[in-house]
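Novice: The file below is start-v5.cif, mmCIF, C-alpha atoms:
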```
data_target
#
loop_
_atom_site.label_atom_id
_atom_site.label_comp_id
_atom_site.auth_asym_id
_atom_site.auth_seq_id
_atom_site.Cartn_x
_atom_site.Cartn_y
_atom_site.Cartn_z
CA MET I 1 -18.87 1.11 -21.76
CA SER I 2 -17.60 4.71 -21.90
CA ALA I 3 -14.13 5.65 -20.70
CA PRO I 4 -13.86 7.40 -17.34
CA ALA I 5 -14.00 11.19 -17.51
CA ILE I 6 -11.16 13.22 -15.99
CA HIS I 7 -11.31 16.89 -14.97
CA ARG I 8 -8.86 19.11 -13.12
CA LEU I 9 -10.09 21.98 -10.96
CA ALA I 10 -8.31 25.32 -10.96
CA ASN I 11 -6.65 24.58 -7.61
CA GLY I 12 -5.20 21.27 -8.81
CA VAL I 13 -7.77 18.77 -7.49
CA THR I 14 -8.34 15.98 -10.03
CA VAL I 15 -11.85 14.59 -10.49
CA VAL I 16 -12.55 11.18 -12.05
CA CYS I 17 -16.01 9.88 -12.95
CA ASP I 18 -16.16 6.20 -13.92
CA ARG I 19 -19.80 5.58 -14.72
CA ALA I 20 -20.66 1.86 -14.84
CA GLU I 21 -24.04 0.75 -16.15
CA GLY I 22 -26.08 -1.86 -14.34
CA PHE I 23 -25.11 -0.87 -10.79
CA GLU I 24 -27.42 0.45 -8.08
CA THR I 25 -24.47 1.50 -5.91
CA LEU I 26 -21.45 3.77 -6.11
CA ALA I 27 -17.96 3.95 -4.68
CA LEU I 28 -16.21 7.18 -3.79
CA SER I 29 -12.51 7.54 -3.02
CA VAL I 30 -11.01 10.86 -2.00
CA VAL I 31 -7.27 10.24 -2.03
CA ALA I 32 -4.41 12.48 -0.98
CA GLY I 33 -1.17 11.55 -2.70
CA ARG I 34 0.90 11.87 0.46
CA GLY I 35 1.40 9.60 3.44
CA ALA I 36 3.87 8.21 5.93
CA ARG I 37 6.98 8.51 3.75
CA HIS I 38 6.44 12.29 3.63
CA GLU I 39 7.02 12.50 7.40
CA ASP I 40 10.30 13.40 9.09
CA ALA I 41 11.25 11.51 12.25
CA ARG I 42 9.58 14.10 14.49
CA ARG I 43 6.26 13.67 12.70
CA SER I 44 6.42 9.89 12.33
CA GLY I 45 2.89 8.50 12.48
CA TRP I 46 1.17 11.87 12.14
CA SER I 47 -0.53 11.03 8.83
CA HIS I 48 -2.12 7.94 10.36
CA LEU I 49 -3.02 9.83 13.55
CA LEU I 50 -4.62 12.58 11.44
CA GLU I 51 -6.66 9.99 9.53
CA HIS I 52 -8.03 8.82 12.91
CA MET I 53 -8.64 12.33 14.19
CA VAL I 54 -10.74 13.63 11.30
CA PHE I 55 -13.40 11.05 12.17
CA LYS I 56 -13.70 12.52 15.69
CA GLY I 57 -15.46 15.55 14.26
CA ALA I 58 -15.47 17.55 11.01
CA GLY I 59 -17.44 20.52 9.76
CA GLU I 60 -20.65 20.66 11.82
CA ARG I 61 -20.70 16.90 12.39
CA SER I 62 -19.63 15.05 15.51
CA ALA I 63 -17.96 11.64 15.36
CA LYS I 64 -21.31 9.95 15.88
CA VAL I 65 -23.12 12.07 13.31
CA ILE I 66 -20.44 11.38 10.65
CA VAL I 67 -21.03 7.63 10.69
CA GLU I 68 -24.78 7.87 11.34
CA ALA I 69 -25.25 10.18 8.36
CA ILE I 70 -23.57 7.69 6.02
CA GLU I 71 -25.04 4.52 7.51
CA SER I 72 -28.59 5.90 7.71
CA GLU I 73 -28.58 5.95 3.89
CA GLY I 74 -27.19 2.42 3.63
CA GLY I 75 -23.59 3.49 3.12
CA GLN I 76 -20.23 2.52 4.59
CA ILE I 77 -17.25 4.76 5.27
CA ASN I 78 -13.61 3.89 5.86
CA ALA I 79 -10.09 5.27 5.51
CA ALA I 80 -6.51 4.04 5.21
CA THR I 81 -3.04 5.53 5.45
CA GLY I 82 -0.17 4.16 3.39
CA GLN I 83 3.37 5.19 2.62
CA GLU I 84 2.40 7.41 -0.31
CA ARG I 85 -1.37 7.85 -0.08
CA THR I 86 -4.14 8.56 2.41
CA SER I 87 -7.54 7.38 1.22
CA PHE I 88 -11.10 8.07 2.37
CA GLN I 89 -13.66 5.66 0.95
CA VAL I 90 -17.44 5.60 0.90
CA ARG I 91 -19.74 2.93 -0.52
CA ALA I 92 -23.30 4.14 -1.03
CA LEU I 93 -26.54 3.45 -2.82
CA ALA I 94 -27.31 5.27 -6.07
CA GLY I 95 -28.19 8.86 -5.23
CA GLY I 96 -25.89 8.94 -2.22
CA LEU I 97 -23.07 10.92 -3.83
CA PRO I 98 -23.98 14.40 -2.46
CA LEU I 99 -23.84 13.21 1.14
CA ALA I 100 -20.76 11.05 0.56
CA LEU I 101 -18.81 13.94 -0.95
CA ALA I 102 -20.01 16.44 1.63
CA VAL I 103 -18.84 14.22 4.49
CA THR I 104 -15.48 13.41 2.94
CA ALA I 105 -14.87 17.07 2.09
CA ASP I 106 -15.41 17.93 5.76
CA LEU I 107 -13.05 15.14 6.84
CA VAL I 108 -10.28 16.25 4.48
CA LEU I 109 -10.69 20.02 4.67
CA ARG I 110 -12.51 20.91 7.90
CA PRO I 111 -11.71 18.50 10.76
CA THR I 112 -12.36 19.78 14.27
CA LEU I 113 -9.16 18.43 15.90
CA ASP I 114 -10.35 18.86 19.47
CA PRO I 115 -7.51 18.63 22.05
CA ASP I 116 -9.42 16.26 24.34
CA ASP I 117 -10.20 13.97 21.41
CA LEU I 118 -6.56 14.11 20.37
CA ALA I 119 -5.34 13.01 23.79
CA LYS I 120 -7.72 10.03 23.69
CA GLU I 121 -6.88 9.11 20.12
CA VAL I 122 -3.15 9.09 20.84
CA GLN I 123 -3.91 6.40 23.42
CA VAL I 124 -6.04 4.47 20.91
CA VAL I 125 -3.25 4.54 18.31
CA GLY I 126 -0.85 3.55 21.07
CA GLN I 127 -2.91 0.41 21.57
CA GLU I 128 -2.73 -0.19 17.81
CA ILE I 129 1.07 0.14 17.95
CA ALA I 130 1.20 -2.35 20.81
CA GLU I 131 -1.11 -4.76 19.00
CA ALA I 132 1.11 -4.67 15.90
CA ALA I 133 4.18 -5.36 18.03
CA ASP I 134 2.37 -8.32 19.61
CA THR I 135 1.43 -9.79 16.21
CA PRO I 136 4.43 -11.74 14.88
CA ASP I 137 3.46 -11.76 11.22
CA ASP I 138 3.02 -7.96 11.38
CA GLN I 139 6.15 -7.23 13.38
CA VAL I 140 8.42 -9.28 11.13
CA PHE I 141 7.41 -7.08 8.18
CA GLU I 142 8.18 -3.94 10.19
CA LEU I 143 11.62 -5.36 11.00
CA ALA I 144 12.33 -6.12 7.34
CA GLN I 145 11.11 -2.71 6.15
CA ALA I 146 13.28 -0.95 8.72
CA ALA I 147 16.29 -2.96 7.54
CA ALA I 148 15.54 -2.33 3.87
CA PHE I 149 15.32 1.45 4.25
CA ALA I 150 17.33 2.12 7.39
CA GLY I 151 17.09 5.64 8.77
CA GLN I 152 14.55 6.77 6.14
CA PRO I 153 10.82 7.56 6.24
CA LEU I 154 10.09 4.49 4.08
CA GLY I 155 11.70 2.35 6.78
CA ARG I 156 9.65 3.71 9.68
CA PRO I 157 6.32 2.21 10.81
CA ILE I 158 3.26 3.94 9.39
CA LEU I 159 1.84 4.01 12.93
CA GLY I 160 4.82 5.95 14.30
CA THR I 161 5.85 5.70 17.94
CA MET I 162 4.18 6.80 21.16
CA GLU I 163 6.80 9.54 21.49
CA SER I 164 6.28 10.94 17.99
CA ILE I 165 2.47 10.88 17.94
CA GLY I 166 2.37 12.19 21.51
CA ALA I 167 4.20 15.32 20.35
CA ALA I 168 1.33 16.37 18.06
CA ASP I 169 -1.10 19.08 19.17
CA PRO I 170 -4.16 20.45 17.33
CA ALA I 171 -2.26 23.35 15.77
CA THR I 172 0.64 21.29 14.47
CA LEU I 173 -1.71 18.54 13.29
CA GLU I 174 -3.80 21.10 11.41
CA ALA I 175 -0.68 22.41 9.72
CA TRP I 176 0.22 18.85 8.79
CA ARG I 177 -3.27 18.32 7.41
CA GLY I 178 -2.77 21.26 5.05
CA ALA I 179 0.60 19.88 3.96
CA VAL I 180 -0.49 16.28 3.24
CA TYR I 181 -4.02 16.90 1.94
CA ALA I 182 -2.95 19.77 -0.34
CA PRO I 183 -5.07 20.12 -3.51
CA ASP I 184 -2.17 19.57 -5.94
CA ARG I 185 -2.14 15.85 -4.96
CA LEU I 186 -5.84 15.36 -4.19
CA VAL I 187 -8.01 13.07 -6.32
CA VAL I 188 -11.80 12.69 -6.11
CA ALA I 189 -12.75 9.44 -7.86
CA ALA I 190 -16.31 8.10 -8.16
CA ALA I 191 -17.35 4.83 -9.82
CA GLY I 192 -20.63 3.05 -10.47
CA ALA I 193 -24.06 4.72 -10.46
CA VAL I 194 -22.72 8.25 -10.87
CA ASP I 195 -23.27 11.10 -13.31
CA GLU I 196 -20.32 13.08 -14.68
CA ASP I 197 -21.97 16.48 -14.42
CA GLU I 198 -23.06 15.86 -10.84
CA VAL I 199 -19.64 14.56 -9.78
CA LEU I 200 -17.87 17.56 -11.29
CA LYS I 201 -20.28 20.14 -9.84
CA LEU I 202 -20.17 18.65 -6.35
CA ALA I 203 -16.38 18.37 -6.45
CA GLN I 204 -16.09 21.98 -7.57
CA ASP I 205 -18.45 23.22 -4.86
CA LEU I 206 -16.86 21.16 -2.06
CA PHE I 207 -13.17 20.95 -3.00
CA GLY I 208 -12.66 23.84 -5.45
CA SER I 209 -11.85 26.36 -2.73
CA ALA I 210 -9.13 24.26 -1.05
CA ILE I 211 -5.99 26.38 -0.77
CA ALA I 212 -2.50 25.10 -1.40
CA PRO I 213 -0.13 25.51 1.56
CA ASP I 214 3.12 27.44 1.30
CA GLN I 215 5.07 24.21 1.86
CA PRO I 216 3.34 20.97 0.81
CA ALA I 217 4.86 17.86 2.38
CA GLN I 218 7.71 16.40 0.31
CA ALA I 219 9.10 12.86 0.36
CA PRO I 220 12.88 12.40 0.19
CA ASP I 221 14.33 9.96 -2.30
CA ALA I 222 14.60 6.45 -0.90
CA ALA I 223 17.62 4.15 -1.05
CA PHE I 224 17.50 0.41 -0.34
CA THR I 225 20.19 -0.10 2.30
CA GLY I 226 19.57 -3.71 3.29
CA GLY I 227 20.50 -5.40 6.54
CA GLN I 228 19.52 -8.18 8.91
CA ALA I 229 17.04 -7.98 11.79
CA ARG I 230 16.39 -10.66 14.39
CA GLU I 231 13.95 -10.73 17.28
CA ARG I 232 13.91 -13.69 19.63
CA ARG I 233 10.50 -14.71 20.96
CA LYS I 234 8.98 -17.77 22.55
CA LEU I 235 6.68 -18.82 19.72
CA GLU I 236 5.58 -22.09 18.18
CA GLN I 237 6.52 -20.83 14.72
CA ALA I 238 9.24 -18.69 13.19
CA HIS I 239 8.30 -15.84 10.85
CA LEU I 240 10.67 -14.86 8.04
CA VAL I 241 10.76 -11.98 5.55
CA PHE I 242 13.36 -11.48 2.82
CA MET I 243 13.44 -8.36 0.63
CA LEU I 244 15.52 -7.40 -2.41
CA PRO I 245 15.76 -3.99 -4.12
CA ALA I 246 13.47 -3.43 -7.08
CA PRO I 247 12.52 -0.52 -9.38
CA GLY I 248 9.69 1.94 -8.86
CA ILE I 249 6.21 1.80 -10.34
CA ALA I 250 6.98 3.78 -13.51
CA ASP I 251 10.10 1.76 -14.39
CA PRO I 252 9.96 -0.21 -17.68
CA ASP I 253 10.77 -3.41 -15.77
CA HIS I 254 7.81 -3.06 -13.39
CA TRP I 255 5.64 -5.72 -15.03
CA ALA I 256 8.56 -8.08 -15.55
CA LEU I 257 9.23 -7.94 -11.78
CA ARG I 258 5.55 -8.47 -11.01
CA LEU I 259 5.62 -11.58 -13.19
CA PHE I 260 8.86 -12.76 -11.58
CA ALA I 261 7.20 -12.48 -8.15
CA GLU I 262 4.14 -14.33 -9.41
CA MET I 263 6.24 -17.21 -10.73
CA LEU I 264 8.33 -17.25 -7.57
CA GLY I 265 5.56 -17.29 -4.98
CA GLY I 266 2.28 -15.91 -6.23
CA GLY I 267 0.08 -18.98 -6.12
CA MET I 268 -0.14 -22.72 -5.56
CA SER I 269 1.70 -23.48 -8.81
CA SER I 270 4.57 -21.13 -7.89
CA ARG I 271 8.10 -22.33 -7.26
CA LEU I 272 8.16 -21.54 -3.55
CA PHE I 273 4.82 -23.22 -2.88
CA GLN I 274 5.67 -26.32 -4.84
CA GLU I 275 9.22 -26.70 -3.51
CA ALA I 276 9.06 -25.43 0.08
CA ARG I 277 5.58 -26.60 0.98
CA GLU I 278 4.52 -29.39 -1.34
CA ARG I 279 7.81 -31.23 -1.93
CA LEU I 280 9.79 -30.51 1.25
CA GLY I 281 7.00 -29.71 3.73
CA LEU I 282 9.01 -26.86 5.27
CA ALA I 283 6.24 -24.25 5.52
CA TYR I 284 2.50 -23.99 5.68
CA ALA I 285 2.50 -20.35 4.51
CA ILE I 286 4.95 -19.02 1.94
CA ASP I 287 4.53 -16.41 -0.79
CA ALA I 288 6.31 -13.71 -2.75
CA TRP I 289 5.29 -10.24 -3.88
CA ALA I 290 6.59 -7.15 -5.68
CA GLU I 291 6.01 -3.75 -4.06
CA ALA I 292 6.47 -0.55 -6.05
CA TRP I 293 6.54 3.02 -4.78
CA ALA I 294 7.17 6.16 -6.83
CA ASP I 295 10.96 5.92 -6.97
CA THR I 296 11.87 2.49 -5.65
CA GLY I 297 10.46 -0.93 -4.89
CA ALA I 298 11.11 -4.30 -3.31
CA LEU I 299 10.78 -7.97 -4.18
CA GLY I 300 9.75 -9.82 -1.05
CA ILE I 301 9.23 -13.31 0.37
CA TYR I 302 7.31 -14.20 3.53
CA ALA I 303 7.26 -17.61 5.21
CA GLY I 304 6.05 -19.09 8.47
CA CYS I 305 7.66 -22.35 9.54
CA ALA I 306 8.85 -24.47 12.44
CA ALA I 307 11.85 -22.80 14.06
CA ALA I 308 14.07 -25.81 13.41
CA ASP I 309 13.34 -25.53 9.68
CA ALA I 310 13.93 -21.77 9.34
CA GLY I 311 17.53 -21.96 8.20
CA ARG I 312 16.87 -24.64 5.62
CA LEU I 313 13.77 -22.84 4.37
CA ALA I 314 15.77 -19.60 3.98
CA ALA I 315 18.34 -21.42 1.86
CA VAL I 316 15.63 -23.06 -0.27
CA ALA I 317 13.98 -19.67 -0.86
CA ALA I 318 17.29 -18.18 -1.98
CA GLU I 319 17.96 -21.12 -4.28
CA GLN I 320 14.58 -20.67 -5.94
CA VAL I 321 15.26 -16.97 -6.52
CA ARG I 322 18.58 -17.81 -8.16
CA ALA I 323 17.13 -20.62 -10.23
CA LEU I 324 14.24 -18.52 -11.53
CA ALA I 325 16.59 -15.63 -12.31
CA ALA I 326 18.56 -18.05 -14.47
CA GLY I 327 15.47 -18.77 -16.56
CA ALA I 328 11.79 -19.69 -16.34
CA GLU I 329 10.59 -23.13 -17.29
CA ALA I 330 8.14 -23.81 -20.11
CA GLY I 331 4.68 -22.58 -19.21
CA GLU I 332 5.67 -20.61 -16.10
CA LEU I 333 5.56 -17.16 -17.66
CA ALA I 334 2.28 -17.87 -19.46
CA ARG I 335 0.65 -18.99 -16.19
CA ALA I 336 1.91 -15.88 -14.39
CA LYS I 337 0.54 -13.64 -17.14
CA ALA I 338 -2.84 -15.35 -16.93
CA GLN I 339 -2.94 -14.84 -13.17
CA LEU I 340 -2.07 -11.14 -13.33
CA LYS I 341 -4.53 -10.44 -16.12
CA ALA I 342 -7.28 -12.35 -14.30
CA SER I 343 -6.59 -10.29 -11.18
CA LEU I 344 -6.77 -7.12 -13.27
CA TYR I 345 -10.16 -7.91 -14.79
CA MET I 346 -11.63 -9.39 -11.61
CA GLY I 347 -10.65 -6.20 -9.80
CA ARG I 348 -12.68 -4.23 -12.31
CA GLU I 349 -15.79 -5.97 -10.98
CA SER I 350 -15.39 -4.11 -7.66
CA LEU I 351 -16.50 -0.47 -7.74
CA ALA I 352 -14.37 0.32 -4.69
CA ALA I 353 -11.30 -1.14 -6.42
CA ARG I 354 -12.06 0.86 -9.58
CA ALA I 355 -12.26 4.15 -7.69
CA GLU I 356 -9.09 3.41 -5.71
CA GLN I 357 -7.22 2.27 -8.82
CA ALA I 358 -8.23 5.38 -10.73
CA ALA I 359 -6.91 7.62 -7.97
CA ALA I 360 -3.69 5.61 -7.70
CA GLN I 361 -3.05 5.83 -11.45
CA ILE I 362 -3.66 9.57 -11.56
CA LEU I 363 -1.21 10.06 -8.70
CA ALA I 364 1.42 7.74 -10.20
CA PHE I 365 1.13 8.53 -13.92
CA ASP I 366 -1.05 11.66 -14.14
CA ARG I 367 -3.43 9.69 -16.37
CA LEU I 368 -5.59 6.58 -16.39
CA LEU I 369 -4.42 3.29 -17.87
CA THR I 370 -7.09 1.28 -19.67
CA PRO I 371 -7.45 -2.40 -18.71
CA ALA I 372 -6.47 -3.30 -22.26
CA GLU I 373 -3.31 -1.20 -21.96
CA VAL I 374 -2.29 -2.89 -18.72
CA ALA I 375 -3.11 -6.35 -20.09
CA GLY I 376 -1.08 -5.55 -23.19
CA ALA I 377 1.91 -4.49 -21.08
CA ILE I 378 1.70 -7.75 -19.14
CA GLU I 379 1.39 -9.86 -22.29
CA ALA I 380 4.34 -8.09 -23.94
CA VAL I 381 6.82 -9.20 -21.26
CA THR I 382 9.30 -11.77 -22.59
CA ASP I 383 11.54 -14.31 -20.89
CA GLU I 384 14.44 -11.98 -21.65
CA ASP I 385 12.65 -9.09 -19.92
CA VAL I 386 12.16 -11.20 -16.80
CA ALA I 387 15.79 -12.29 -16.81
CA ARG I 388 16.98 -8.69 -17.17
CA ALA I 389 14.72 -7.48 -14.36
CA ALA I 390 15.84 -10.32 -12.08
CA ALA I 391 19.47 -9.47 -12.80
CA ARG I 392 18.80 -5.90 -11.72
CA VAL I 393 17.37 -7.13 -8.42
CA LEU I 394 20.38 -9.33 -7.70
CA ALA I 395 23.10 -7.01 -9.02
CA PRO I 396 23.47 -4.86 -5.87
CA ARG I 397 24.05 -8.05 -3.83
CA ARG I 398 21.96 -6.50 -1.10
CA ALA I 399 19.04 -7.91 0.90
CA ALA I 400 16.91 -7.01 3.90
CA SER I 401 16.20 -10.09 5.98
CA SER I 402 14.20 -10.43 9.19
CA VAL I 403 13.28 -13.29 11.50
CA LEU I 404 11.04 -13.35 14.55
CA GLY I 405 10.87 -16.51 16.64
CA PRO I 406 12.85 -18.96 18.78
CA LYS I 407 16.63 -18.89 19.04
CA SER I 408 17.05 -21.82 16.66
CA ALA I 409 15.54 -19.75 13.83
CA LEU I 410 17.75 -16.68 14.18
CA ASP I 411 20.35 -17.76 11.62
CA ALA I 412 17.77 -17.62 8.79
CA PRO I 413 18.82 -14.17 7.47
CA ALA I 414 22.45 -15.24 7.19
CA ARG I 415 21.44 -18.53 5.55
CA PHE I 416 19.30 -16.69 2.98
CA GLU I 417 21.96 -14.16 2.04
CA GLY I 418 24.72 -16.78 2.01
CA ALA I 419 22.76 -19.04 -0.34
CA LEU I 420 21.74 -16.13 -2.56
CA PHE I 421 25.00 -14.26 -2.88
CA GLY I 422 27.58 -16.92 -1.96
#
```
Now that the file is in, can you turn its structure into structure tokens?

Specialist:
Amino acid sequence: MSAPAIHRLANGVTVVCDRAEGFETLALSVVAGRGARHEDARRSGWSHLLEHMVFKGAGERSAKVIVEAIESEGGQINAATGQERTSFQVRALAGGLPLALAVTADLVLRPTLDPDDLAKEVQVVGQEIAEAADTPDDQVFELAQAAAFAGQPLGRPILGTMESIGAADPATLEAWRGAVYAPDRLVVAAAGAVDEDEVLKLAQDLFGSAIAPDQPAQAPDAAFTGGQARERRKLEQAHLVFMLPAPGIADPDHWALRLFAEMLGGGMSSRLFQEARERLGLAYAIDAWAEAWADTGALGIYAGCAAADAGRLAAVAAEQVRALAAGAEAGELARAKAQLKASLYMGRESLAARAEQAAAQILAFDRLLTPAEVAGAIEAVTDEDVARAAARVLAPRRAASSVLGPKSALDAPARFEGALFG
């Protein structure tokens, strides 16, 4: 299998062609390396609102024609806004690349942004904001993120607020489009039944004339502040999130922290699952993860439990973090490495994941990492590396803790931090 081909257009757009033999389909991702954390408070939620709005009409196509054009050829189209990226994705049959790229180019570069559509879409996103607030296991993450990065873009909801999105008009949203979809951070990645020459020519024709704005959107540096957030609700279950500061994606300890999270709560053999669920029966759902952005990251734990058990569960979670930081048991690190490497190679079997991963790596590292390189980095992590990375997480003695549920659960943040830091 040949390595993916990478080209850079004169205006800064990066083009990746990952041809994979034996497929009759392709995946296209057009990814802008900017998102919600590039917004100031006044523009909070504008990147997500813009992602919605481009589908209301772009180029010569109406909202209906956009989806009909893709679906009439057997394709699917979708989009997503994150903290650092906005992604437009198309899955199509072999031969569908010209249409897929033409449609996505219109979405990214030539949206209509009709004022009547904007007024309606603000209401639609408002319903999405309300739905998220009504969903406990979504809202508890928002509370923890806001505590972790208080007063910063990384701590604000990606959806924004009704006040902030309601302040957008077509002219200001168009200016924001130019700032966040600027060609210097735009990646066109195609995987599967694609031809390098065709991908490059189409990308040049459709994206090569994109003009860089005078002021591309910039993201301020983030600082993990920590704090406690509690929201009392009449629920059957309490929802808990605990976050600790971690390094960014390019940090040498990135893979050690990923492995720490895997051992802590990544699967059924993990410490949190075995102790909190299997041995003590305190939670049905409990897991841990490591999140990494460009300049910072977080180690996190989520659990859902009976309100009466929330405090005890918080203490157990903290004890497991401390115990694992003191040293992994025989076989734990090897199992975690096997899980991460399996996830890596299984992900390669999805064309959509390959296209998205290629764009993400270009934006993070300005190059592609081979699967063998990533697997080698995972395998090279030692027990000492994990211990050092864990010590870095605990050294600031700072956590972001949130709880959403009945009154009896509201002491969980204090119980977690007390058990973790003493």

Novice: So which one's closest to I:Pro216, I:Gly166, I:Gly35, I:Leu113, I:Ala69? Using only C-alpha atoms, please.

Specialist: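 Counting only C-alpha atoms, the residue closest to I:Pro216 is I:Gly35.
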
Novice: Would you kindly translate the PyMOL selection byres ((chain I and resi 242-256) around 6) into the concrete residues it picks from this file, as a PyMOL selection string?

Specialist: chain I and resi 241+257-259+292-301+386+389+393+399-401

Novice: Evaluated on this file, the PyMOL selection byres ((chain I and resi 53) around 9) picks out some residues - which ones are they, written as a list of chain:residue names?

Specialist: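 Output from the PyMOL selection byres ((chain I and resi 53) around 9), applied to this file: I:His48, I:Leu49, I:Leu50, I:Glu51, I:His52, I:Val54, I:Phe55, I:Lys56, I:Gly57, I:Pro111, I:Thr112, I:Leu113, I:Asp114, I:Asp117, I:Leu118, I:Glu121.
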
Novice: To verify the selection step, state as number ranges by chain which residues the PyMOL selection byres ((chain I and resi 327-343) around 7) yields on this input.

Specialist: I: 259, 262-263, 323-326, 344-347, 375, 378-379, 387

Novice: Of the candidates I:Ala203, I:Ala27, I:Leu272, I:Ile165, which one gets nearest to I:Gln357 if we count only C-alpha atoms?

Specialist: I:Ala27
